[in-house]
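Visitor: This is start25.cif, which holds mmCIF, C-alpha atoms, pLDDT in the B column; chains and numbers go by the auth columns:
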```
data_protein
loop_
_atom_site.group_PDB
_atom_site.id
_atom_site.type_symbol
_atom_site.label_atom_id
_atom_site.label_comp_id
_atom_site.label_asym_id
_atom_site.label_seq_id
_atom_site.Cartn_x
_atom_site.Cartn_y
_atom_site.Cartn_z
_atom_site.B_iso_or_equiv
_atom_site.auth_seq_id
_atom_site.auth_asym_id
ATOM 1 C CA MET A 1 -68.693 35.979 -216.991 66.00 30 A
ATOM 2 C CA ASP A 2 -64.963 35.715 -217.817 72.00 31 A
ATOM 3 C CA ILE A 3 -61.871 36.762 -215.845 74.00 32 A
ATOM 4 C CA LYS A 4 -61.691 40.209 -217.496 75.00 33 A
ATOM 5 C CA ASP A 5 -65.272 40.943 -216.396 75.00 34 A
ATOM 6 C CA ILE A 6 -64.397 39.898 -212.844 76.00 35 A
ATOM 7 C CA GLN A 7 -61.255 42.067 -212.853 76.00 36 A
ATOM 8 C CA ASN A 8 -63.272 45.045 -214.104 76.00 37 A
ATOM 9 C CA LEU A 9 -65.851 44.419 -211.392 75.00 38 A
ATOM 10 C CA ILE A 10 -63.128 44.364 -208.730 76.00 39 A
ATOM 11 C CA ARG A 11 -61.720 47.667 -210.058 76.00 40 A
ATOM 12 C CA PHE A 12 -65.177 49.213 -210.026 75.00 41 A
ATOM 13 C CA VAL A 13 -65.860 48.097 -206.445 73.00 42 A
ATOM 14 C CA SER A 14 -62.510 49.427 -205.211 72.00 43 A
ATOM 15 C CA LYS A 15 -63.166 52.821 -206.815 73.00 44 A
ATOM 16 C CA ALA A 16 -66.760 52.969 -205.553 70.00 45 A
ATOM 17 C CA GLU A 17 -65.520 52.612 -201.949 68.00 46 A
ATOM 18 C CA VAL A 18 -68.205 50.131 -200.949 70.00 47 A
ATOM 19 C CA ALA A 19 -67.556 47.461 -198.322 71.00 48 A
ATOM 20 C CA GLU A 20 -69.177 44.492 -200.045 76.00 49 A
ATOM 21 C CA VAL A 21 -70.866 43.551 -203.332 75.00 50 A
ATOM 22 C CA SER A 22 -72.617 40.300 -204.214 77.00 51 A
ATOM 23 C CA ILE A 23 -73.639 39.338 -207.761 77.00 52 A
ATOM 24 C CA LYS A 24 -75.402 36.190 -208.945 79.00 53 A
ATOM 25 C CA GLN A 25 -75.693 35.187 -212.609 76.00 54 A
ATOM 26 C CA ASP A 26 -77.092 31.810 -213.546 74.00 55 A
ATOM 27 C CA ASP A 27 -75.142 29.300 -211.443 74.00 56 A
ATOM 28 C CA ILE A 28 -72.236 31.681 -210.605 74.00 57 A
ATOM 29 C CA GLU A 29 -72.194 33.803 -207.472 77.00 58 A
ATOM 30 C CA ILE A 30 -69.464 36.390 -206.801 78.00 59 A
ATOM 31 C CA LYS A 31 -68.910 38.231 -203.526 77.00 60 A
ATOM 32 C CA ILE A 32 -66.382 41.043 -203.334 75.00 61 A
ATOM 33 C CA LYS A 33 -65.301 42.522 -200.017 72.00 62 A
ATOM 34 C CA THR A 34 -62.937 45.483 -199.867 67.00 63 A
ATOM 35 C CA LEU A 35 -60.355 46.272 -197.218 61.00 64 A
ATOM 36 C CA ALA A 36 -62.901 48.639 -195.675 51.00 65 A
ATOM 37 C CA SER A 37 -64.761 45.549 -194.446 48.00 66 A
ATOM 38 C CA VAL A 38 -61.634 44.049 -192.779 47.00 67 A
ATOM 39 C CA PRO A 39 -61.478 44.657 -189.020 47.00 68 A
ATOM 40 C CA THR A 40 -59.026 47.486 -188.269 43.00 69 A
ATOM 41 C CA GLN A 41 -57.188 45.432 -185.658 43.00 70 A
ATOM 42 C CA VAL A 42 -56.098 42.893 -188.284 42.00 71 A
ATOM 43 C CA ALA A 43 -55.161 45.587 -190.820 40.00 72 A
ATOM 44 C CA SER A 44 -53.068 47.512 -188.286 38.00 73 A
ATOM 45 C CA GLN A 45 -51.133 44.371 -187.369 39.00 74 A
ATOM 46 C CA GLN A 46 -50.259 43.678 -191.000 41.00 75 A
ATOM 47 C CA PHE A 47 -48.718 47.096 -191.560 41.00 76 A
ATOM 48 C CA TYR A 48 -46.934 47.692 -188.256 43.00 77 A
ATOM 49 C CA VAL A 49 -43.495 49.197 -188.860 46.00 78 A
ATOM 50 C CA PRO A 50 -41.244 49.978 -185.871 47.00 79 A
ATOM 51 C CA GLN A 51 -40.039 53.570 -185.765 50.00 80 A
ATOM 52 C CA GLN A 52 -36.512 54.653 -184.929 51.00 81 A
ATOM 53 C CA ALA A 53 -35.642 58.156 -183.840 48.00 82 A
ATOM 54 C CA PRO A 54 -32.879 59.582 -186.094 48.00 83 A
ATOM 55 C CA ALA A 55 -29.804 61.080 -184.474 47.00 84 A
ATOM 56 C CA ALA A 56 -30.145 64.874 -184.385 46.00 85 A
ATOM 57 C CA ALA A 57 -26.705 65.584 -185.896 45.00 86 A
ATOM 58 C CA GLN A 58 -27.161 63.147 -188.787 45.00 87 A
ATOM 59 C CA ALA A 59 -30.707 64.119 -189.800 46.00 88 A
ATOM 60 C CA PRO A 60 -29.816 67.000 -192.206 47.00 89 A
ATOM 61 C CA VAL A 61 -27.122 64.940 -193.984 50.00 90 A
ATOM 62 C CA VAL A 62 -29.442 61.966 -194.410 48.00 91 A
ATOM 63 C CA ALA A 63 -32.227 64.203 -195.712 48.00 92 A
ATOM 64 C CA GLN A 64 -29.880 65.791 -198.293 53.00 93 A
ATOM 65 C CA GLU A 65 -28.675 62.371 -199.500 51.00 94 A
ATOM 66 C CA ALA A 66 -32.263 61.164 -199.751 50.00 95 A
ATOM 67 C CA ASN A 67 -33.218 64.204 -201.858 54.00 96 A
ATOM 68 C CA ASN A 68 -30.302 63.615 -204.263 52.00 97 A
ATOM 69 C CA SER A 69 -31.056 59.919 -204.678 51.00 98 A
ATOM 70 C CA THR A 70 -34.787 60.626 -205.093 51.00 99 A
ATOM 71 C CA GLU A 71 -34.102 63.142 -207.875 52.00 100 A
ATOM 72 C CA SER A 72 -31.783 60.785 -209.771 49.00 101 A
ATOM 73 C CA THR A 73 -34.228 57.872 -209.303 53.00 102 A
ATOM 74 C CA GLN A 74 -37.098 59.994 -210.651 54.00 103 A
ATOM 75 C CA GLU A 75 -35.052 60.940 -213.722 53.00 104 A
ATOM 76 C CA GLU A 76 -34.232 57.268 -214.373 57.00 105 A
ATOM 77 C CA ASN A 77 -37.850 56.206 -213.802 60.00 106 A
ATOM 78 C CA ASN A 78 -39.097 58.724 -216.394 74.00 107 A
ATOM 79 C CA ASN A 79 -37.476 56.558 -219.087 85.00 108 A
ATOM 80 C CA PHE A 80 -39.217 53.402 -217.842 91.00 109 A
ATOM 81 C CA ILE A 81 -42.791 52.158 -218.071 92.00 110 A
ATOM 82 C CA THR A 82 -44.397 51.257 -214.757 93.00 111 A
ATOM 83 C CA VAL A 83 -46.556 48.126 -214.677 93.00 112 A
ATOM 84 C CA LYS A 84 -49.204 48.642 -211.993 93.00 113 A
ATOM 85 C CA SER A 85 -51.492 46.282 -210.131 94.00 114 A
ATOM 86 C CA PRO A 86 -54.997 46.202 -211.640 93.00 115 A
ATOM 87 C CA MET A 87 -56.504 45.110 -208.310 93.00 116 A
ATOM 88 C CA ILE A 88 -56.086 44.710 -204.576 94.00 117 A
ATOM 89 C CA GLY A 89 -54.667 41.367 -203.504 94.00 118 A
ATOM 90 C CA THR A 90 -51.527 39.379 -202.774 95.00 119 A
ATOM 91 C CA PHE A 91 -48.608 39.536 -205.237 96.00 120 A
ATOM 92 C CA TYR A 92 -46.915 36.290 -206.280 95.00 121 A
ATOM 93 C CA ARG A 93 -43.881 36.085 -208.599 95.00 122 A
ATOM 94 C CA SER A 94 -44.417 32.395 -209.457 93.00 123 A
ATOM 95 C CA ALA A 95 -47.264 29.949 -210.039 90.00 124 A
ATOM 96 C CA GLY A 96 -46.551 28.141 -206.784 89.00 125 A
ATOM 97 C CA PRO A 97 -43.983 27.449 -204.064 88.00 126 A
ATOM 98 C CA GLY A 98 -40.792 25.981 -205.467 89.00 127 A
ATOM 99 C CA LYS A 99 -41.630 26.984 -209.050 92.00 128 A
ATOM 100 C CA ASP A 100 -39.613 29.426 -211.153 93.00 129 A
ATOM 101 C CA ALA A 101 -40.607 33.094 -211.155 94.00 130 A
ATOM 102 C CA PHE A 102 -42.561 34.272 -214.202 95.00 131 A
ATOM 103 C CA VAL A 103 -40.001 37.065 -214.798 95.00 132 A
ATOM 104 C CA ASN A 104 -36.722 38.227 -213.271 95.00 133 A
ATOM 105 C CA VAL A 105 -34.740 41.446 -213.532 95.00 134 A
ATOM 106 C CA GLY A 106 -33.107 41.550 -216.967 95.00 135 A
ATOM 107 C CA ASP A 107 -35.698 39.339 -218.684 95.00 136 A
ATOM 108 C CA SER A 108 -37.118 40.488 -222.012 94.00 137 A
ATOM 109 C CA ILE A 109 -40.905 40.541 -222.122 95.00 138 A
ATOM 110 C CA SER A 110 -43.457 40.954 -224.871 93.00 139 A
ATOM 111 C CA ASN A 111 -47.080 41.983 -224.980 92.00 140 A
ATOM 112 C CA GLY A 112 -49.237 39.299 -223.334 92.00 141 A
ATOM 113 C CA LYS A 113 -46.458 37.627 -221.283 94.00 142 A
ATOM 114 C CA VAL A 114 -47.514 36.680 -217.746 94.00 143 A
ATOM 115 C CA LEU A 115 -45.549 38.792 -215.253 95.00 144 A
ATOM 116 C CA CYS A 116 -47.036 37.683 -211.939 95.00 145 A
ATOM 117 C CA ILE A 117 -50.183 36.568 -210.147 94.00 146 A
ATOM 118 C CA VAL A 118 -52.372 38.701 -207.900 94.00 147 A
ATOM 119 C CA GLU A 119 -54.618 36.667 -205.639 93.00 148 A
ATOM 120 C CA ALA A 120 -57.878 38.350 -204.732 91.00 149 A
ATOM 121 C CA MET A 121 -60.449 36.435 -202.686 89.00 150 A
ATOM 122 C CA LYS A 122 -59.050 33.008 -203.590 88.00 151 A
ATOM 123 C CA LEU A 123 -58.998 33.913 -207.307 90.00 152 A
ATOM 124 C CA PHE A 124 -55.522 33.776 -208.858 91.00 153 A
ATOM 125 C CA ASN A 125 -55.356 36.442 -211.567 92.00 154 A
ATOM 126 C CA GLU A 126 -52.477 36.307 -214.040 93.00 155 A
ATOM 127 C CA ILE A 127 -51.193 39.810 -214.736 93.00 156 A
ATOM 128 C CA GLU A 128 -50.030 40.067 -218.340 93.00 157 A
ATOM 129 C CA SER A 129 -47.684 42.625 -219.834 92.00 158 A
ATOM 130 C CA GLU A 130 -49.233 45.305 -221.979 91.00 159 A
ATOM 131 C CA VAL A 131 -45.805 46.455 -223.207 92.00 160 A
ATOM 132 C CA SER A 132 -42.660 44.949 -224.661 93.00 161 A
ATOM 133 C CA GLY A 133 -39.248 45.592 -223.178 95.00 162 A
ATOM 134 C CA LYS A 134 -36.862 44.493 -220.464 95.00 163 A
ATOM 135 C CA ILE A 135 -37.618 44.136 -216.734 95.00 164 A
ATOM 136 C CA VAL A 136 -35.455 46.704 -214.931 95.00 165 A
ATOM 137 C CA LYS A 137 -36.779 46.412 -211.392 95.00 166 A
ATOM 138 C CA ILE A 138 -39.308 44.378 -209.405 95.00 167 A
ATOM 139 C CA LEU A 139 -40.883 46.756 -206.895 96.00 168 A
ATOM 140 C CA VAL A 140 -42.828 44.288 -204.708 95.00 169 A
ATOM 141 C CA ASP A 141 -41.688 41.337 -202.610 94.00 170 A
ATOM 142 C CA ASP A 142 -43.187 37.906 -203.237 93.00 171 A
ATOM 143 C CA ALA A 143 -46.349 37.130 -201.204 93.00 172 A
ATOM 144 C CA SER A 144 -46.813 40.808 -200.279 94.00 173 A
ATOM 145 C CA PRO A 145 -50.150 42.622 -200.230 95.00 174 A
ATOM 146 C CA VAL A 146 -50.649 45.103 -203.078 95.00 175 A
ATOM 147 C CA GLU A 147 -53.119 47.917 -203.588 95.00 176 A
ATOM 148 C CA TYR A 148 -55.000 48.930 -206.710 93.00 177 A
ATOM 149 C CA ASP A 149 -52.716 50.910 -209.068 93.00 178 A
ATOM 150 C CA GLN A 150 -49.579 50.105 -207.000 95.00 179 A
ATOM 151 C CA PRO A 151 -46.398 49.930 -209.114 95.00 180 A
ATOM 152 C CA LEU A 152 -45.167 46.328 -209.512 95.00 181 A
ATOM 153 C CA PHE A 153 -42.453 46.428 -212.205 95.00 182 A
ATOM 154 C CA LEU A 154 -40.313 48.929 -214.092 95.00 183 A
ATOM 155 C CA VAL A 155 -39.878 48.070 -217.779 94.00 184 A
ATOM 156 C CA ASP A 156 -37.361 49.590 -220.185 93.00 185 A
ATOM 157 C CA PRO A 157 -39.243 49.794 -223.499 90.00 186 A
ATOM 158 C CA SER A 158 -36.099 50.278 -225.642 79.00 187 A
#
```
Show me, as structure tokens, the structure contained in the file I just sent.

Guide:
Amino acid sequence: MDIKDIQNLIRFVSKAEVAEVSIKQDDIEIKIKTLASVPTQVASQQFYVPQQAPAAAQAPVVAQEANNSTESTQEENNNFITVKSPMIGTFYRSAGPGKDAFVNVGDSISNGKVLCIVEAMKLFNEIESEVSGKIVKILVDDASPVEYDQPLFLVDPS
């Protein structure tokens, strides 16, 4: 079983919405646990975001500005290719602490270039580019949790 088979298995398990899967082939044993099997107390602590009440007079102005910026951002993003996470895990921009990032904004990439690492259950999976172009934006912070199909990078194919 190679890394592509394991990645496909992880995708399948995440789509099937099962809590845990265990597979044994020859001398290799793989156990996959989804976020559904993580205690809710731990998950709620990871994603706690403090809320602030907006000022009543400023709310309509802020909403209008947000709509304008969202529309212009969507138009810009239509020209770009979005590289998405193929699995659930932790996003890393480099191979280790203190090492250079695989890619930075403005870097030219080609098909097969390693863009980042997504760690899933102590397996470090190199995510390779499937397109050629230039990195326009990195959408995820280093060492942040990512979901399946979450956008990671914007690439300008021109």

Visitor: Tell me which of A:Lys128, A:Lys166, A:Lys60, A:Lys142 sits closest to Leu181 (chain A), counting only C-alpha atoms.

Guide: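 Among the listed residues, A:Lys166 lies closest to Leu181 (chain A).
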
Visitor: What is the distance, in Å and to one decimal place, between CA of Ile138 (chain A) and CA of Ile164 (chain A)?

Guide: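 Answer for the CA of Ile138 (chain A) to CA of Ile164 (chain A) separation: 7.3 Å.
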
Visitor: Quick one: which residues end up in the PyMOL selection byres ((chain A and resi 39-54) around 12) for this structure, as a PyMOL selection string?

Guide: chain A and resi 30-38+55-68+114-118+148-150+152+154+176-178

Visitor: Could you check which of A:Asn108, A:Asn133, A:Ser123, A:Ser187 is closest to Val160 (chain A), using only C-alpha atoms?

Guide: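 Ranked by minimum distance to Val160 (chain A), first place goes to A:Ser187.
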
Visitor: What gap, in Å, lies between CA of Gly162 (chain A) and CA of Gly127 (chain A)?

Guide: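 Here the two named atoms are 26.5 Å from each other.
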
Visitor: For Asp185 (chain A), which of A:Val147, A:Asp136, A:Lys113, A:Ala172 is the closest residue, counting all atoms listed in the file?

Guide: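 Residue with the minimum atom-to-atom distance to Asp185 (chain A): A:Asp136.
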
Visitor: Could you check which of A:Gly125, A:Ile167, A:Ile156, A:Ser173 is closest to Asn140 (chain A), using only C-alpha atoms?

Guide: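 For Asn140 (chain A), the nearest of the candidates is A:Ile156.
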
Visitor: Please indicate the distance in Å from CA of Gly141 (chain A) to CA of Asn107 (chain A), rounded to one decimal place.

Guide: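 It comes out at 23.0 Å.
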
Visitor: Of the candidates A:Ala130, A:Val165, A:Ala124, A:Leu183, which one gets nearest to Ile146 (chain A) if we count all atoms listed in the file?

Guide: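 For Ile146 (chain A), the nearest of the given residues is A:Ala124.
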
Visitor: What residues come out when you apply the PyMOL selection byres ((chain A and resi 110) around 6) to this file, written as a PDB file with C-alpha atoms, keeping the file's coordinate frame?

Guide:
```pdb
ATOM      1  CA  PHE A 109     -39.217  53.402-217.842  1.00 91.00           C
ATOM      2  CA  THR A 111     -44.397  51.257-214.757  1.00 93.00           C
ATOM      3  CA  LEU A 183     -40.313  48.929-214.092  1.00 95.00           C
ATOM      4  CA  VAL A 184     -39.878  48.070-217.779  1.00 94.00           C
TER       5      VAL A 184
END
```

Visitor: Check the smallest atom-to-atom distance from each of A:Asp171, A:Lys163, A:Glu155, A:Pro186 to Tyr121 (chain A) using only C-alpha atoms, then report the winner.

Guide: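 Of A:Asp171, A:Lys163, A:Glu155, A:Pro186, the one nearest Tyr121 (chain A), counting only C-alpha atoms, is A:Asp171.
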
Visitor: Dump N, CA and C atoms of region 132-155 of chain A from the given block, as a CSV table (one decimal), in the first residue's frame.

Guide:
```
chain,number,residue,atom,x,y,z
A,132,VAL,N,6.8,26.9,-0.5
A,132,VAL,CA,6.5,28.0,-1.4
A,132,VAL,C,6.1,29.3,-0.7
A,133,ASN,N,6.3,30.4,-1.3
A,133,ASN,CA,5.9,31.7,-0.8
A,133,ASN,C,5.1,32.4,-1.8
A,134,VAL,N,4.4,33.5,-1.4
A,134,VAL,CA,3.7,34.3,-2.4
A,134,VAL,C,4.6,34.8,-3.4
A,135,GLY,N,4.2,34.7,-4.7
A,135,GLY,CA,5.1,35.2,-5.8
A,135,GLY,C,5.9,34.1,-6.4
A,136,ASP,N,6.1,33.0,-5.7
A,136,ASP,CA,6.9,31.9,-6.3
A,136,ASP,C,6.2,31.2,-7.5
A,137,SER,N,7.0,30.9,-8.5
A,137,SER,CA,6.5,30.1,-9.7
A,137,SER,C,6.5,28.6,-9.3
A,138,ILE,N,5.4,27.9,-9.6
A,138,ILE,CA,5.4,26.5,-9.4
A,138,ILE,C,5.1,25.8,-10.6
A,139,SER,N,5.4,24.5,-10.6
A,139,SER,CA,5.1,23.6,-11.8
A,139,SER,C,4.4,22.4,-11.3
A,140,ASN,N,3.9,21.6,-12.2
A,140,ASN,CA,3.2,20.4,-11.9
A,140,ASN,C,4.1,19.5,-11.1
A,141,GLY,N,3.7,19.0,-9.9
A,141,GLY,CA,4.5,18.0,-9.2
A,141,GLY,C,5.3,18.7,-8.1
A,142,LYS,N,5.4,20.0,-8.0
A,142,LYS,CA,6.2,20.7,-7.0
A,142,LYS,C,5.5,20.6,-5.6
A,143,VAL,N,6.2,20.3,-4.6
A,143,VAL,CA,5.6,20.2,-3.2
A,143,VAL,C,5.3,21.6,-2.7
A,144,LEU,N,4.0,21.7,-2.3
A,144,LEU,CA,3.5,23.0,-1.9
A,144,LEU,C,3.5,23.1,-0.3
A,145,CYS,N,3.2,22.0,0.3
A,145,CYS,CA,3.1,22.0,1.8
A,145,CYS,C,3.0,20.6,2.3
A,146,ILE,N,2.8,20.4,3.6
A,146,ILE,CA,2.6,19.1,4.2
A,146,ILE,C,1.3,19.2,5.0
A,147,VAL,N,0.5,18.1,4.9
A,147,VAL,CA,-0.6,18.0,5.7
A,147,VAL,C,-0.4,16.7,6.6
A,148,GLU,N,-0.3,16.9,7.9
A,148,GLU,CA,-0.1,15.8,8.8
A,148,GLU,C,-1.5,15.3,9.2
A,149,ALA,N,-1.6,14.0,9.0
A,149,ALA,CA,-2.9,13.3,9.4
A,149,ALA,C,-2.5,12.0,10.2
A,150,MET,N,-2.8,12.0,11.4
A,150,MET,CA,-2.5,10.8,12.3
A,150,MET,C,-1.0,10.4,12.2
A,151,LYS,N,-0.2,11.3,12.4
A,151,LYS,CA,1.3,11.1,12.5
A,151,LYS,C,1.9,10.8,11.1
A,152,LEU,N,1.1,10.9,10.1
A,152,LEU,CA,1.6,10.7,8.7
A,152,LEU,C,1.8,12.1,8.1
A,153,PHE,N,3.0,12.4,7.5
A,153,PHE,CA,3.2,13.6,6.9
A,153,PHE,C,3.1,13.5,5.4
A,154,ASN,N,2.0,14.0,4.9
A,154,ASN,CA,1.7,13.9,3.4
A,154,ASN,C,2.1,15.1,2.7
A,155,GLU,N,3.0,15.0,1.7
A,155,GLU,CA,3.4,16.1,0.9
A,155,GLU,C,2.3,16.4,-0.1
```
